[in-house]
>>> print(open('my_file_38.txt').read())   # compact mmCIF, N, CA and C atoms
# COMPACT_ATOMS: atom_id res chain seq x y z
N MET U 1 -24.17 45.39 -36.16
CA MET U 1 -22.80 45.76 -35.85
C MET U 1 -22.05 44.66 -35.10
N ASN U 2 -22.77 43.89 -34.28
CA ASN U 2 -22.10 42.80 -33.56
C ASN U 2 -21.43 41.81 -34.50
N ALA U 3 -22.10 41.50 -35.60
CA ALA U 3 -21.53 40.56 -36.57
C ALA U 3 -20.25 41.11 -37.16
N ILE U 4 -20.24 42.39 -37.47
CA ILE U 4 -19.03 43.01 -38.03
C ILE U 4 -17.89 42.97 -37.03
N LEU U 5 -18.19 43.23 -35.76
CA LEU U 5 -17.15 43.18 -34.73
C LEU U 5 -16.57 41.78 -34.58
N VAL U 6 -17.41 40.78 -34.61
CA VAL U 6 -16.93 39.39 -34.51
C VAL U 6 -16.10 39.03 -35.74
N ILE U 7 -16.59 39.39 -36.92
CA ILE U 7 -15.83 39.13 -38.15
C ILE U 7 -14.48 39.83 -38.10
N ALA U 8 -14.46 41.09 -37.64
CA ALA U 8 -13.21 41.84 -37.54
C ALA U 8 -12.23 41.17 -36.58
N ARG U 9 -12.73 40.69 -35.45
CA ARG U 9 -11.86 39.98 -34.50
C ARG U 9 -11.28 38.73 -35.13
N ILE U 10 -12.11 37.99 -35.84
CA ILE U 10 -11.64 36.75 -36.48
C ILE U 10 -10.61 37.06 -37.56
N LEU U 11 -10.88 38.07 -38.37
CA LEU U 11 -9.93 38.46 -39.42
C LEU U 11 -8.59 38.90 -38.83
N PHE U 12 -8.65 39.68 -37.77
CA PHE U 12 -7.41 40.12 -37.11
C PHE U 12 -6.65 38.93 -36.55
N ALA U 13 -7.36 38.01 -35.94
CA ALA U 13 -6.72 36.90 -35.22
C ALA U 13 -6.27 35.76 -36.12
N ALA U 14 -6.85 35.63 -37.29
CA ALA U 14 -6.59 34.46 -38.15
C ALA U 14 -5.11 34.25 -38.43
N ILE U 15 -4.37 35.30 -38.72
CA ILE U 15 -2.95 35.16 -39.03
C ILE U 15 -2.17 34.62 -37.82
N PHE U 16 -2.58 34.99 -36.63
CA PHE U 16 -1.87 34.54 -35.43
C PHE U 16 -2.24 33.11 -35.07
N ILE U 17 -3.49 32.75 -35.26
CA ILE U 17 -3.90 31.36 -35.02
C ILE U 17 -3.16 30.44 -35.99
N ASN U 18 -3.16 30.81 -37.26
CA ASN U 18 -2.47 30.00 -38.27
C ASN U 18 -0.97 29.94 -37.99
N SER U 19 -0.37 31.07 -37.72
CA SER U 19 1.08 31.11 -37.47
C SER U 19 1.44 30.36 -36.20
N GLY U 20 0.61 30.46 -35.18
CA GLY U 20 0.86 29.72 -33.94
C GLY U 20 0.84 28.21 -34.17
N ILE U 21 -0.12 27.77 -34.96
CA ILE U 21 -0.20 26.34 -35.31
C ILE U 21 1.06 25.93 -36.08
N MET U 22 1.48 26.76 -37.03
CA MET U 22 2.68 26.46 -37.82
C MET U 22 3.93 26.43 -36.94
N HIS U 23 4.03 27.34 -35.98
CA HIS U 23 5.17 27.34 -35.06
C HIS U 23 5.27 25.98 -34.35
N LEU U 24 4.13 25.45 -33.96
CA LEU U 24 4.12 24.22 -33.16
C LEU U 24 4.19 22.96 -34.02
N THR U 25 3.57 22.96 -35.19
CA THR U 25 3.60 21.76 -36.03
C THR U 25 4.83 21.69 -36.92
N LYS U 26 5.45 22.81 -37.17
CA LYS U 26 6.67 22.88 -37.99
C LYS U 26 7.82 23.39 -37.12
N LEU U 27 7.87 22.90 -35.89
CA LEU U 27 8.82 23.39 -34.89
C LEU U 27 10.27 23.31 -35.36
N GLU U 28 10.67 22.22 -35.95
CA GLU U 28 12.07 22.06 -36.37
C GLU U 28 12.44 23.05 -37.48
N ALA U 29 11.57 23.19 -38.47
CA ALA U 29 11.85 24.13 -39.56
C ALA U 29 11.89 25.55 -39.04
N MET U 30 10.94 25.90 -38.18
CA MET U 30 10.90 27.25 -37.61
C MET U 30 12.13 27.49 -36.73
N THR U 31 12.55 26.47 -36.02
CA THR U 31 13.73 26.59 -35.17
C THR U 31 14.97 26.83 -36.02
N GLY U 32 15.08 26.13 -37.13
CA GLY U 32 16.20 26.34 -38.03
C GLY U 32 16.28 27.77 -38.53
N TYR U 33 15.13 28.34 -38.89
CA TYR U 33 15.10 29.73 -39.35
C TYR U 33 15.45 30.68 -38.21
N ALA U 34 14.93 30.41 -37.02
CA ALA U 34 15.24 31.24 -35.86
C ALA U 34 16.73 31.20 -35.54
N LYS U 35 17.34 30.02 -35.66
CA LYS U 35 18.79 29.90 -35.45
C LYS U 35 19.54 30.72 -36.49
N TYR U 36 19.11 30.65 -37.74
CA TYR U 36 19.72 31.44 -38.81
C TYR U 36 19.66 32.93 -38.49
N LYS U 37 18.56 33.36 -37.88
CA LYS U 37 18.39 34.77 -37.49
C LYS U 37 19.05 35.09 -36.14
N LYS U 38 19.71 34.10 -35.56
CA LYS U 38 20.45 34.24 -34.29
C LYS U 38 19.55 34.57 -33.10
N VAL U 39 18.37 33.97 -33.08
CA VAL U 39 17.45 34.13 -31.96
C VAL U 39 17.97 33.27 -30.81
N PRO U 40 18.11 33.85 -29.62
CA PRO U 40 18.58 33.06 -28.48
C PRO U 40 17.56 31.98 -28.10
N ALA U 41 18.06 30.82 -27.66
CA ALA U 41 17.22 29.69 -27.28
C ALA U 41 16.15 29.47 -28.35
N ALA U 42 16.59 29.26 -29.57
CA ALA U 42 15.71 29.27 -30.74
C ALA U 42 14.51 28.34 -30.60
N LYS U 43 14.73 27.08 -30.22
CA LYS U 43 13.62 26.12 -30.15
C LYS U 43 12.60 26.54 -29.08
N LEU U 44 13.09 26.92 -27.92
CA LEU U 44 12.21 27.38 -26.86
C LEU U 44 11.47 28.65 -27.29
N SER U 45 12.19 29.56 -27.93
CA SER U 45 11.58 30.81 -28.39
C SER U 45 10.46 30.55 -29.39
N VAL U 46 10.70 29.62 -30.31
CA VAL U 46 9.68 29.28 -31.31
C VAL U 46 8.46 28.66 -30.62
N ALA U 47 8.68 27.74 -29.71
CA ALA U 47 7.57 27.08 -29.02
C ALA U 47 6.77 28.07 -28.18
N VAL U 48 7.46 28.88 -27.39
CA VAL U 48 6.78 29.85 -26.52
C VAL U 48 6.04 30.89 -27.36
N SER U 49 6.70 31.41 -28.39
CA SER U 49 6.04 32.42 -29.22
C SER U 49 4.86 31.82 -29.97
N GLY U 50 4.99 30.56 -30.40
CA GLY U 50 3.86 29.89 -31.05
C GLY U 50 2.66 29.79 -30.13
N LEU U 51 2.90 29.40 -28.88
CA LEU U 51 1.81 29.33 -27.90
C LEU U 51 1.21 30.70 -27.64
N MET U 52 2.08 31.72 -27.53
CA MET U 52 1.60 33.08 -27.27
C MET U 52 0.64 33.55 -28.36
N ILE U 53 1.04 33.38 -29.62
CA ILE U 53 0.19 33.91 -30.68
C ILE U 53 -1.02 33.03 -30.96
N LEU U 54 -0.89 31.74 -30.72
CA LEU U 54 -2.06 30.86 -30.86
C LEU U 54 -3.10 31.21 -29.81
N VAL U 55 -2.68 31.26 -28.56
CA VAL U 55 -3.60 31.62 -27.47
C VAL U 55 -4.12 33.04 -27.65
N GLY U 56 -3.21 33.97 -27.97
CA GLY U 56 -3.63 35.36 -28.18
C GLY U 56 -4.67 35.47 -29.28
N GLY U 57 -4.43 34.80 -30.40
CA GLY U 57 -5.37 34.85 -31.50
C GLY U 57 -6.71 34.24 -31.15
N LEU U 58 -6.68 33.09 -30.49
CA LEU U 58 -7.93 32.46 -30.07
C LEU U 58 -8.69 33.34 -29.08
N TYR U 59 -7.98 33.94 -28.14
CA TYR U 59 -8.64 34.82 -27.16
C TYR U 59 -9.33 35.99 -27.85
N VAL U 60 -8.64 36.62 -28.81
CA VAL U 60 -9.24 37.75 -29.51
C VAL U 60 -10.44 37.29 -30.34
N ALA U 61 -10.25 36.23 -31.12
CA ALA U 61 -11.32 35.75 -32.01
C ALA U 61 -12.56 35.34 -31.24
N LEU U 62 -12.37 34.63 -30.14
CA LEU U 62 -13.50 34.11 -29.38
C LEU U 62 -14.04 35.07 -28.33
N GLY U 63 -13.30 36.13 -28.04
CA GLY U 63 -13.73 37.05 -26.99
C GLY U 63 -13.54 36.46 -25.61
N ILE U 64 -12.44 35.74 -25.44
CA ILE U 64 -12.06 35.21 -24.13
C ILE U 64 -10.88 36.05 -23.66
N TYR U 65 -11.12 36.95 -22.72
CA TYR U 65 -10.07 37.87 -22.30
C TYR U 65 -9.34 38.42 -23.52
N ALA U 66 -10.09 39.00 -24.42
CA ALA U 66 -9.55 39.48 -25.68
C ALA U 66 -8.47 40.54 -25.48
N ASP U 67 -8.57 41.31 -24.38
CA ASP U 67 -7.53 42.29 -24.11
C ASP U 67 -6.19 41.61 -23.81
N LEU U 68 -6.23 40.54 -23.03
CA LEU U 68 -5.02 39.77 -22.75
C LEU U 68 -4.49 39.14 -24.04
N GLY U 69 -5.38 38.61 -24.87
CA GLY U 69 -4.96 38.04 -26.15
C GLY U 69 -4.26 39.06 -27.02
N ALA U 70 -4.81 40.25 -27.11
CA ALA U 70 -4.20 41.32 -27.91
C ALA U 70 -2.83 41.71 -27.34
N LEU U 71 -2.72 41.74 -26.02
CA LEU U 71 -1.44 42.06 -25.39
C LEU U 71 -0.40 40.98 -25.70
N LEU U 72 -0.79 39.72 -25.64
CA LEU U 72 0.14 38.63 -26.00
C LEU U 72 0.64 38.78 -27.43
N ILE U 73 -0.25 39.15 -28.33
CA ILE U 73 0.13 39.35 -29.73
C ILE U 73 1.13 40.49 -29.85
N ALA U 74 0.88 41.61 -29.18
CA ALA U 74 1.80 42.75 -29.25
C ALA U 74 3.16 42.39 -28.65
N ILE U 75 3.14 41.67 -27.54
CA ILE U 75 4.40 41.26 -26.90
C ILE U 75 5.20 40.34 -27.83
N PHE U 76 4.53 39.57 -28.64
CA PHE U 76 5.21 38.74 -29.64
C PHE U 76 5.75 39.61 -30.78
N LEU U 77 4.94 40.50 -31.31
CA LEU U 77 5.28 41.21 -32.54
C LEU U 77 6.44 42.19 -32.40
N ILE U 78 6.53 42.89 -31.30
CA ILE U 78 7.56 43.92 -31.19
C ILE U 78 8.97 43.34 -31.18
N PRO U 79 9.29 42.38 -30.30
CA PRO U 79 10.64 41.81 -30.39
C PRO U 79 10.88 41.04 -31.69
N THR U 80 9.83 40.42 -32.23
CA THR U 80 9.97 39.68 -33.48
C THR U 80 10.38 40.61 -34.61
N ALA U 81 9.82 41.80 -34.63
CA ALA U 81 10.20 42.77 -35.66
C ALA U 81 11.71 43.02 -35.64
N PHE U 82 12.25 43.21 -34.44
CA PHE U 82 13.67 43.52 -34.32
C PHE U 82 14.58 42.30 -34.49
N LEU U 83 14.15 41.14 -34.01
CA LEU U 83 14.98 39.94 -34.10
C LEU U 83 14.93 39.28 -35.47
N MET U 84 13.77 39.22 -36.07
CA MET U 84 13.59 38.46 -37.30
C MET U 84 13.61 39.31 -38.57
N HIS U 85 13.40 40.60 -38.44
CA HIS U 85 13.27 41.45 -39.63
C HIS U 85 14.18 42.67 -39.56
N ALA U 86 15.42 42.47 -39.15
CA ALA U 86 16.40 43.55 -39.00
C ALA U 86 16.90 43.98 -40.38
N PHE U 87 16.08 44.75 -41.09
CA PHE U 87 16.40 45.14 -42.46
C PHE U 87 17.69 45.93 -42.55
N TRP U 88 18.07 46.62 -41.50
CA TRP U 88 19.29 47.43 -41.49
C TRP U 88 20.56 46.57 -41.55
N LYS U 89 20.43 45.28 -41.31
CA LYS U 89 21.58 44.37 -41.38
C LYS U 89 21.76 43.77 -42.78
N GLU U 90 20.79 43.96 -43.65
CA GLU U 90 20.81 43.34 -44.98
C GLU U 90 21.59 44.20 -45.96
N SER U 91 22.38 43.55 -46.81
CA SER U 91 23.11 44.27 -47.85
C SER U 91 22.44 44.10 -49.22
N ASP U 92 21.77 42.97 -49.43
CA ASP U 92 21.05 42.74 -50.68
C ASP U 92 19.79 43.61 -50.70
N ALA U 93 19.58 44.34 -51.80
CA ALA U 93 18.47 45.29 -51.88
C ALA U 93 17.10 44.62 -51.75
N THR U 94 16.94 43.46 -52.36
CA THR U 94 15.66 42.75 -52.28
C THR U 94 15.40 42.25 -50.87
N ALA U 95 16.42 41.65 -50.26
CA ALA U 95 16.28 41.17 -48.88
C ALA U 95 15.99 42.33 -47.93
N LYS U 96 16.68 43.44 -48.14
CA LYS U 96 16.48 44.63 -47.30
C LYS U 96 15.03 45.12 -47.42
N GLN U 97 14.52 45.18 -48.65
CA GLN U 97 13.14 45.62 -48.87
C GLN U 97 12.15 44.67 -48.22
N ASN U 98 12.32 43.37 -48.41
CA ASN U 98 11.41 42.38 -47.81
C ASN U 98 11.42 42.45 -46.29
N GLU U 99 12.60 42.55 -45.71
CA GLU U 99 12.70 42.64 -44.24
C GLU U 99 12.11 43.95 -43.74
N SER U 100 12.30 45.03 -44.49
CA SER U 100 11.73 46.33 -44.10
C SER U 100 10.20 46.27 -44.09
N ILE U 101 9.63 45.67 -45.12
CA ILE U 101 8.17 45.52 -45.18
C ILE U 101 7.67 44.73 -43.98
N ASN U 102 8.32 43.60 -43.69
CA ASN U 102 7.89 42.77 -42.56
C ASN U 102 8.12 43.45 -41.22
N PHE U 103 9.20 44.20 -41.09
CA PHE U 103 9.49 44.93 -39.85
C PHE U 103 8.36 45.92 -39.55
N PHE U 104 8.05 46.76 -40.55
CA PHE U 104 7.03 47.78 -40.32
C PHE U 104 5.62 47.19 -40.26
N LYS U 105 5.38 46.07 -40.94
CA LYS U 105 4.10 45.37 -40.83
C LYS U 105 3.91 44.88 -39.40
N ASN U 106 4.96 44.28 -38.83
CA ASN U 106 4.87 43.79 -37.46
C ASN U 106 4.60 44.93 -36.49
N LEU U 107 5.32 46.05 -36.66
CA LEU U 107 5.10 47.19 -35.75
C LEU U 107 3.69 47.76 -35.92
N SER U 108 3.21 47.82 -37.15
CA SER U 108 1.86 48.33 -37.40
C SER U 108 0.80 47.45 -36.74
N ILE U 109 0.93 46.15 -36.93
CA ILE U 109 -0.05 45.23 -36.33
C ILE U 109 0.08 45.24 -34.81
N ALA U 110 1.30 45.42 -34.30
CA ALA U 110 1.47 45.54 -32.84
C ALA U 110 0.73 46.77 -32.33
N GLY U 111 0.79 47.86 -33.10
CA GLY U 111 0.03 49.05 -32.73
C GLY U 111 -1.46 48.78 -32.68
N ALA U 112 -1.97 48.07 -33.66
CA ALA U 112 -3.40 47.71 -33.68
C ALA U 112 -3.74 46.82 -32.49
N ALA U 113 -2.86 45.87 -32.18
CA ALA U 113 -3.10 44.98 -31.03
C ALA U 113 -3.12 45.79 -29.73
N LEU U 114 -2.24 46.76 -29.61
CA LEU U 114 -2.23 47.59 -28.39
C LEU U 114 -3.49 48.46 -28.30
N ILE U 115 -3.98 48.93 -29.44
CA ILE U 115 -5.25 49.67 -29.44
C ILE U 115 -6.38 48.77 -28.96
N ILE U 116 -6.45 47.55 -29.49
CA ILE U 116 -7.46 46.58 -29.07
C ILE U 116 -7.34 46.33 -27.57
N PHE U 117 -6.12 46.12 -27.10
CA PHE U 117 -5.86 45.87 -25.68
C PHE U 117 -6.44 46.99 -24.81
N VAL U 118 -6.11 48.24 -25.12
CA VAL U 118 -6.54 49.37 -24.30
C VAL U 118 -8.06 49.58 -24.40
N LEU U 119 -8.58 49.49 -25.60
CA LEU U 119 -10.03 49.71 -25.75
C LEU U 119 -10.84 48.69 -24.97
N ILE U 120 -10.44 47.44 -25.06
CA ILE U 120 -11.17 46.40 -24.32
C ILE U 120 -11.00 46.59 -22.82
N ALA U 121 -9.79 46.89 -22.38
CA ALA U 121 -9.54 47.11 -20.95
C ALA U 121 -10.30 48.32 -20.42
N ARG U 122 -10.64 49.25 -21.31
CA ARG U 122 -11.43 50.42 -20.92
C ARG U 122 -12.93 50.16 -21.03
N GLY U 123 -13.31 48.96 -21.45
CA GLY U 123 -14.73 48.62 -21.49
C GLY U 123 -15.40 48.77 -22.84
N ALA U 124 -14.64 48.92 -23.92
CA ALA U 124 -15.24 49.07 -25.25
C ALA U 124 -16.00 47.81 -25.63
N ASP U 125 -17.06 48.00 -26.39
CA ASP U 125 -17.86 46.88 -26.88
C ASP U 125 -17.17 46.27 -28.09
N ILE U 126 -16.82 44.99 -28.01
CA ILE U 126 -16.18 44.29 -29.13
C ILE U 126 -17.09 43.21 -29.69
N GLY U 127 -18.37 43.34 -29.41
CA GLY U 127 -19.33 42.35 -29.87
C GLY U 127 -19.45 41.21 -28.87
N PRO U 128 -20.22 40.21 -29.23
CA PRO U 128 -20.43 39.08 -28.32
C PRO U 128 -19.10 38.44 -27.91
N SER U 129 -18.94 38.24 -26.62
CA SER U 129 -17.70 37.69 -26.06
C SER U 129 -18.04 36.65 -25.01
N ILE U 130 -17.09 35.75 -24.80
CA ILE U 130 -17.28 34.71 -23.79
C ILE U 130 -17.01 35.25 -22.39
N THR U 131 -15.99 36.11 -22.27
CA THR U 131 -15.67 36.72 -20.98
C THR U 131 -15.58 38.23 -21.14
N SER U 132 -15.53 38.91 -20.04
CA SER U 132 -15.24 40.34 -20.07
C SER U 132 -13.72 40.51 -20.12
N ALA U 133 -13.26 41.73 -19.97
CA ALA U 133 -11.84 42.03 -20.03
C ALA U 133 -11.09 41.40 -18.86
N PHE U 134 -9.85 41.07 -19.08
CA PHE U 134 -8.97 40.58 -18.04
C PHE U 134 -8.44 41.76 -17.22
N PHE U 135 -8.13 42.84 -17.90
CA PHE U 135 -7.64 44.06 -17.26
C PHE U 135 -8.77 45.07 -17.17
N SER U 136 -8.64 46.06 -16.31
CA SER U 136 -9.64 47.12 -16.21
C SER U 136 -8.93 48.46 -16.06
N PHE U 137 -9.08 49.32 -17.06
CA PHE U 137 -8.47 50.66 -17.03
C PHE U 137 -9.53 51.75 -16.97
N LYS U 138 -10.65 51.46 -16.33
CA LYS U 138 -11.74 52.44 -16.29
C LYS U 138 -11.44 53.57 -15.36
>>> encode(input="my_file_38.txt", output="structure tokens")
Amino acid sequence: MNAILVIARILFAAIFINSGIMHLTKLEAMTGYAKYKKVPAAKLSVAVSGLMILVGGLYVALGIYADLGALLIAIFLIPTAFLMHAFWKESDATAKQNESINFFKNLSIAGAALIIFVLIARGADIGPSITSAFFSFK
């Protein structure tokens, strides 16, 4: 079971590690898109959010304060859903559908991240880890 838990953590975290790297290595392109979406302080927002999800993903995958990592991911996903995927603002049917899918995907994954956060903070076994929980809700 430990192997499955580690694989599950890596699978969950992979999208955030990859996206965090892209935020930082493709900063100008990401900033342009954030500006298009009217994100305040676009370049800073892209850099900070990239660090958040990169660190969050690595923490979850490696089991280094995985609860804190999951919380960082959720803190990224919830505002991102509203700022970047505001499907209610779209008039084109295809754009509206794509933004709706991404909006609800972000909220769904944020829910999973919050579950991971609480379970780890309550002492749940997540397989081999480098550290214990950062928070304690026992």
>>> atom_distance(input="my_file_38.txt", atom1="atom N of Ser45 of chain U", atom2="atom CA of Leu27 of chain U")
9.9 Å
>>> residues_around(input="my_file_38.txt", residues="segment 46-54 of chain U", least_positions_apart="3", cutoff="5 Å", atoms="only N, CA and C atoms", output="compact mmCIF listing (two decimals) with N, CA and C atoms, in the frame of the given file")
# COMPACT_ATOMS: atom_id res chain seq x y z
N PHE U 16 -2.58 34.99 -36.63
CA PHE U 16 -1.87 34.54 -35.43
C PHE U 16 -2.24 33.11 -35.07
N ILE U 17 -3.49 32.75 -35.26
CA ILE U 17 -3.90 31.36 -35.02
C ILE U 17 -3.16 30.44 -35.99
N GLY U 20 0.61 30.46 -35.18
CA GLY U 20 0.86 29.72 -33.94
C GLY U 20 0.84 28.21 -34.17
N HIS U 23 4.03 27.34 -35.98
CA HIS U 23 5.17 27.34 -35.06
C HIS U 23 5.27 25.98 -34.35
N ALA U 42 16.59 29.26 -29.57
CA ALA U 42 15.71 29.27 -30.74
C ALA U 42 14.51 28.34 -30.60
N LYS U 43 14.73 27.08 -30.22
CA LYS U 43 13.62 26.12 -30.15
C LYS U 43 12.60 26.54 -29.08
N GLY U 57 -4.43 34.80 -30.40
CA GLY U 57 -5.37 34.85 -31.50
C GLY U 57 -6.71 34.24 -31.15
N LEU U 58 -6.68 33.09 -30.49
CA LEU U 58 -7.93 32.46 -30.07
C LEU U 58 -8.69 33.34 -29.08
>>> closest_residue(input="my_file_38.txt", among="U:Met22, U:Leu83, U:Leu71, U:Ile64", to="Val118 of chain U", atoms="only C-alpha atoms")
U:Leu71
>>> residues_around(input="my_file_38.txt", residues="segment 128-137 of chain U", least_positions_apart="3", cutoff="8 Å", atoms="all atoms listed in the file", output="VMD selection string")
chain U and resid 1 to 3 5 to 6 61 to 69 118 120 to 123 125
>>> closest_residue(input="my_file_38.txt", among="U:Ala34, U:Glu28, U:Ala81, U:Trp88", to="Lys105 of chain U", atoms="all atoms listed in the file")
U:Ala81
>>> atom_distance(input="my_file_38.txt", atom1="atom CA of Gly56 of chain U", atom2="atom CA of Pro40 of chain U")
22.3 Å
>>> atom_distance(input="my_file_38.txt", atom1="atom C of Val39 of chain U", atom2="atom N of Tyr59 of chain U")
26.1 Å
>>> select_by_dssp(input="my_file_38.txt", residues="segment 34-100 of chain U", states="alpha helix (DSSP H)", output="short mmCIF file (atom, residue, chain, number, x, y, z; two decimals) with N, CA and C atoms, keeping the file's coordinate frame")
data_model
loop_
_atom_site.label_atom_id
_atom_site.label_comp_id
_atom_site.auth_asym_id
_atom_site.auth_seq_id
_atom_site.Cartn_x
_atom_site.Cartn_y
_atom_site.Cartn_z
N ALA U 34 14.93 30.41 -37.02
CA ALA U 34 15.24 31.24 -35.86
C ALA U 34 16.73 31.20 -35.54
N LYS U 35 17.34 30.02 -35.66
CA LYS U 35 18.79 29.90 -35.45
C LYS U 35 19.54 30.72 -36.49
N TYR U 36 19.11 30.65 -37.74
CA TYR U 36 19.72 31.44 -38.81
C TYR U 36 19.66 32.93 -38.49
N ALA U 42 16.59 29.26 -29.57
CA ALA U 42 15.71 29.27 -30.74
C ALA U 42 14.51 28.34 -30.60
N LYS U 43 14.73 27.08 -30.22
CA LYS U 43 13.62 26.12 -30.15
C LYS U 43 12.60 26.54 -29.08
N LEU U 44 13.09 26.92 -27.92
CA LEU U 44 12.21 27.38 -26.86
C LEU U 44 11.47 28.65 -27.29
N SER U 45 12.19 29.56 -27.93
CA SER U 45 11.58 30.81 -28.39
C SER U 45 10.46 30.55 -29.39
N VAL U 46 10.70 29.62 -30.31
CA VAL U 46 9.68 29.28 -31.31
C VAL U 46 8.46 28.66 -30.62
N ALA U 47 8.68 27.74 -29.71
CA ALA U 47 7.57 27.08 -29.02
C ALA U 47 6.77 28.07 -28.18
N VAL U 48 7.46 28.88 -27.39
CA VAL U 48 6.78 29.85 -26.52
C VAL U 48 6.04 30.89 -27.36
N SER U 49 6.70 31.41 -28.39
CA SER U 49 6.04 32.42 -29.22
C SER U 49 4.86 31.82 -29.97
N GLY U 50 4.99 30.56 -30.40
CA GLY U 50 3.86 29.89 -31.05
C GLY U 50 2.66 29.79 -30.13
N LEU U 51 2.90 29.40 -28.88
CA LEU U 51 1.81 29.33 -27.90
C LEU U 51 1.21 30.70 -27.64
N MET U 52 2.08 31.72 -27.53
CA MET U 52 1.60 33.08 -27.27
C MET U 52 0.64 33.55 -28.36
N ILE U 53 1.04 33.38 -29.62
CA ILE U 53 0.19 33.91 -30.68
C ILE U 53 -1.02 33.03 -30.96
N LEU U 54 -0.89 31.74 -30.72
CA LEU U 54 -2.06 30.86 -30.86
C LEU U 54 -3.10 31.21 -29.81
N VAL U 55 -2.68 31.26 -28.56
CA VAL U 55 -3.60 31.62 -27.47
C VAL U 55 -4.12 33.04 -27.65
N GLY U 56 -3.21 33.97 -27.97
CA GLY U 56 -3.63 35.36 -28.18
C GLY U 56 -4.67 35.47 -29.28
N GLY U 57 -4.43 34.80 -30.40
CA GLY U 57 -5.37 34.85 -31.50
C GLY U 57 -6.71 34.24 -31.15
N LEU U 58 -6.68 33.09 -30.49
CA LEU U 58 -7.93 32.46 -30.07
C LEU U 58 -8.69 33.34 -29.08
N TYR U 59 -7.98 33.94 -28.14
CA TYR U 59 -8.64 34.82 -27.16
C TYR U 59 -9.33 35.99 -27.85
N VAL U 60 -8.64 36.62 -28.81
CA VAL U 60 -9.24 37.75 -29.51
C VAL U 60 -10.44 37.29 -30.34
N ALA U 61 -10.25 36.23 -31.12
CA ALA U 61 -11.32 35.75 -32.01
C ALA U 61 -12.56 35.34 -31.24
N LEU U 62 -12.37 34.63 -30.14
CA LEU U 62 -13.50 34.11 -29.38
C LEU U 62 -14.04 35.07 -28.33
N ALA U 66 -10.09 39.00 -24.42
CA ALA U 66 -9.55 39.48 -25.68
C ALA U 66 -8.47 40.54 -25.48
N ASP U 67 -8.57 41.31 -24.38
CA ASP U 67 -7.53 42.29 -24.11
C ASP U 67 -6.19 41.61 -23.81
N LEU U 68 -6.23 40.54 -23.03
CA LEU U 68 -5.02 39.77 -22.75
C LEU U 68 -4.49 39.14 -24.04
N GLY U 69 -5.38 38.61 -24.87
CA GLY U 69 -4.96 38.04 -26.15
C GLY U 69 -4.26 39.06 -27.02
N ALA U 70 -4.81 40.25 -27.11
CA ALA U 70 -4.20 41.32 -27.91
C ALA U 70 -2.83 41.71 -27.34
N LEU U 71 -2.72 41.74 -26.02
CA LEU U 71 -1.44 42.06 -25.39
C LEU U 71 -0.40 40.98 -25.70
N LEU U 72 -0.79 39.72 -25.64
CA LEU U 72 0.14 38.63 -26.00
C LEU U 72 0.64 38.78 -27.43
N ILE U 73 -0.25 39.15 -28.33
CA ILE U 73 0.13 39.35 -29.73
C ILE U 73 1.13 40.49 -29.85
N ALA U 74 0.88 41.61 -29.18
CA ALA U 74 1.80 42.75 -29.25
C ALA U 74 3.16 42.39 -28.65
N ILE U 75 3.14 41.67 -27.54
CA ILE U 75 4.40 41.26 -26.90
C ILE U 75 5.20 40.34 -27.83
N PHE U 76 4.53 39.57 -28.64
CA PHE U 76 5.21 38.74 -29.64
C PHE U 76 5.75 39.61 -30.78
N LEU U 77 4.94 40.50 -31.31
CA LEU U 77 5.28 41.21 -32.54
C LEU U 77 6.44 42.19 -32.40
N ILE U 78 6.53 42.89 -31.30
CA ILE U 78 7.56 43.92 -31.19
C ILE U 78 8.97 43.34 -31.18
N PRO U 79 9.29 42.38 -30.30
CA PRO U 79 10.64 41.81 -30.39
C PRO U 79 10.88 41.04 -31.69
N THR U 80 9.83 40.42 -32.23
CA THR U 80 9.97 39.68 -33.48
C THR U 80 10.38 40.61 -34.61
N ALA U 81 9.82 41.80 -34.63
CA ALA U 81 10.20 42.77 -35.66
C ALA U 81 11.71 43.02 -35.64
N PHE U 82 12.25 43.21 -34.44
CA PHE U 82 13.67 43.52 -34.32
C PHE U 82 14.58 42.30 -34.49
N LEU U 83 14.15 41.14 -34.01
CA LEU U 83 14.98 39.94 -34.10
C LEU U 83 14.93 39.28 -35.47
N MET U 84 13.77 39.22 -36.07
CA MET U 84 13.59 38.46 -37.30
C MET U 84 13.61 39.31 -38.57
N ALA U 93 19.58 44.34 -51.80
CA ALA U 93 18.47 45.29 -51.88
C ALA U 93 17.10 44.62 -51.75
N THR U 94 16.94 43.46 -52.36
CA THR U 94 15.66 42.75 -52.28
C THR U 94 15.40 42.25 -50.87
N ALA U 95 16.42 41.65 -50.26
CA ALA U 95 16.28 41.17 -48.88
C ALA U 95 15.99 42.33 -47.93
N LYS U 96 16.68 43.44 -48.14
CA LYS U 96 16.48 44.63 -47.30
C LYS U 96 15.03 45.12 -47.42
N GLN U 97 14.52 45.18 -48.65
CA GLN U 97 13.14 45.62 -48.87
C GLN U 97 12.15 44.67 -48.22
N ASN U 98 12.32 43.37 -48.41
CA ASN U 98 11.41 42.38 -47.81
C ASN U 98 11.42 42.45 -46.29
N GLU U 99 12.60 42.55 -45.71
CA GLU U 99 12.70 42.64 -44.24
C GLU U 99 12.11 43.95 -43.74
N SER U 100 12.30 45.03 -44.49
CA SER U 100 11.73 46.33 -44.10
C SER U 100 10.20 46.27 -44.09
#
>>> closest_residue(input="my_file_38.txt", among="U:Ile21, U:Met30, U:Leu119, U:Leu44", to="Met84 of chain U", atoms="only C-alpha atoms")
U:Met30
>>> residues_near_point(input="my_file_38.txt", point="(10.8, 42.1, -44.3)", cutoff="6.5 Å", atoms="all atoms listed in the file", output="NGL selection string")
:U and (85 or 95-103)
>>> closest_residue(input="my_file_38.txt", among="U:Ala93, U:Leu114, U:Ile7, U:Ala86", to="Ile73 of chain U", atoms="only C-alpha atoms")
U:Leu114
>>> closest_residue(input="my_file_38.txt", among="U:Lys35, U:Lys138, U:Phe87, U:Ala70", to="Ala113 of chain U", atoms="all atoms listed in the file")
U:Ala70
>>> closest_residue(input="my_file_38.txt", among="U:Val55, U:Ala13, U:Leu24, U:Ala29", to="Ala112 of chain U", atoms="only C-alpha atoms")
U:Ala13
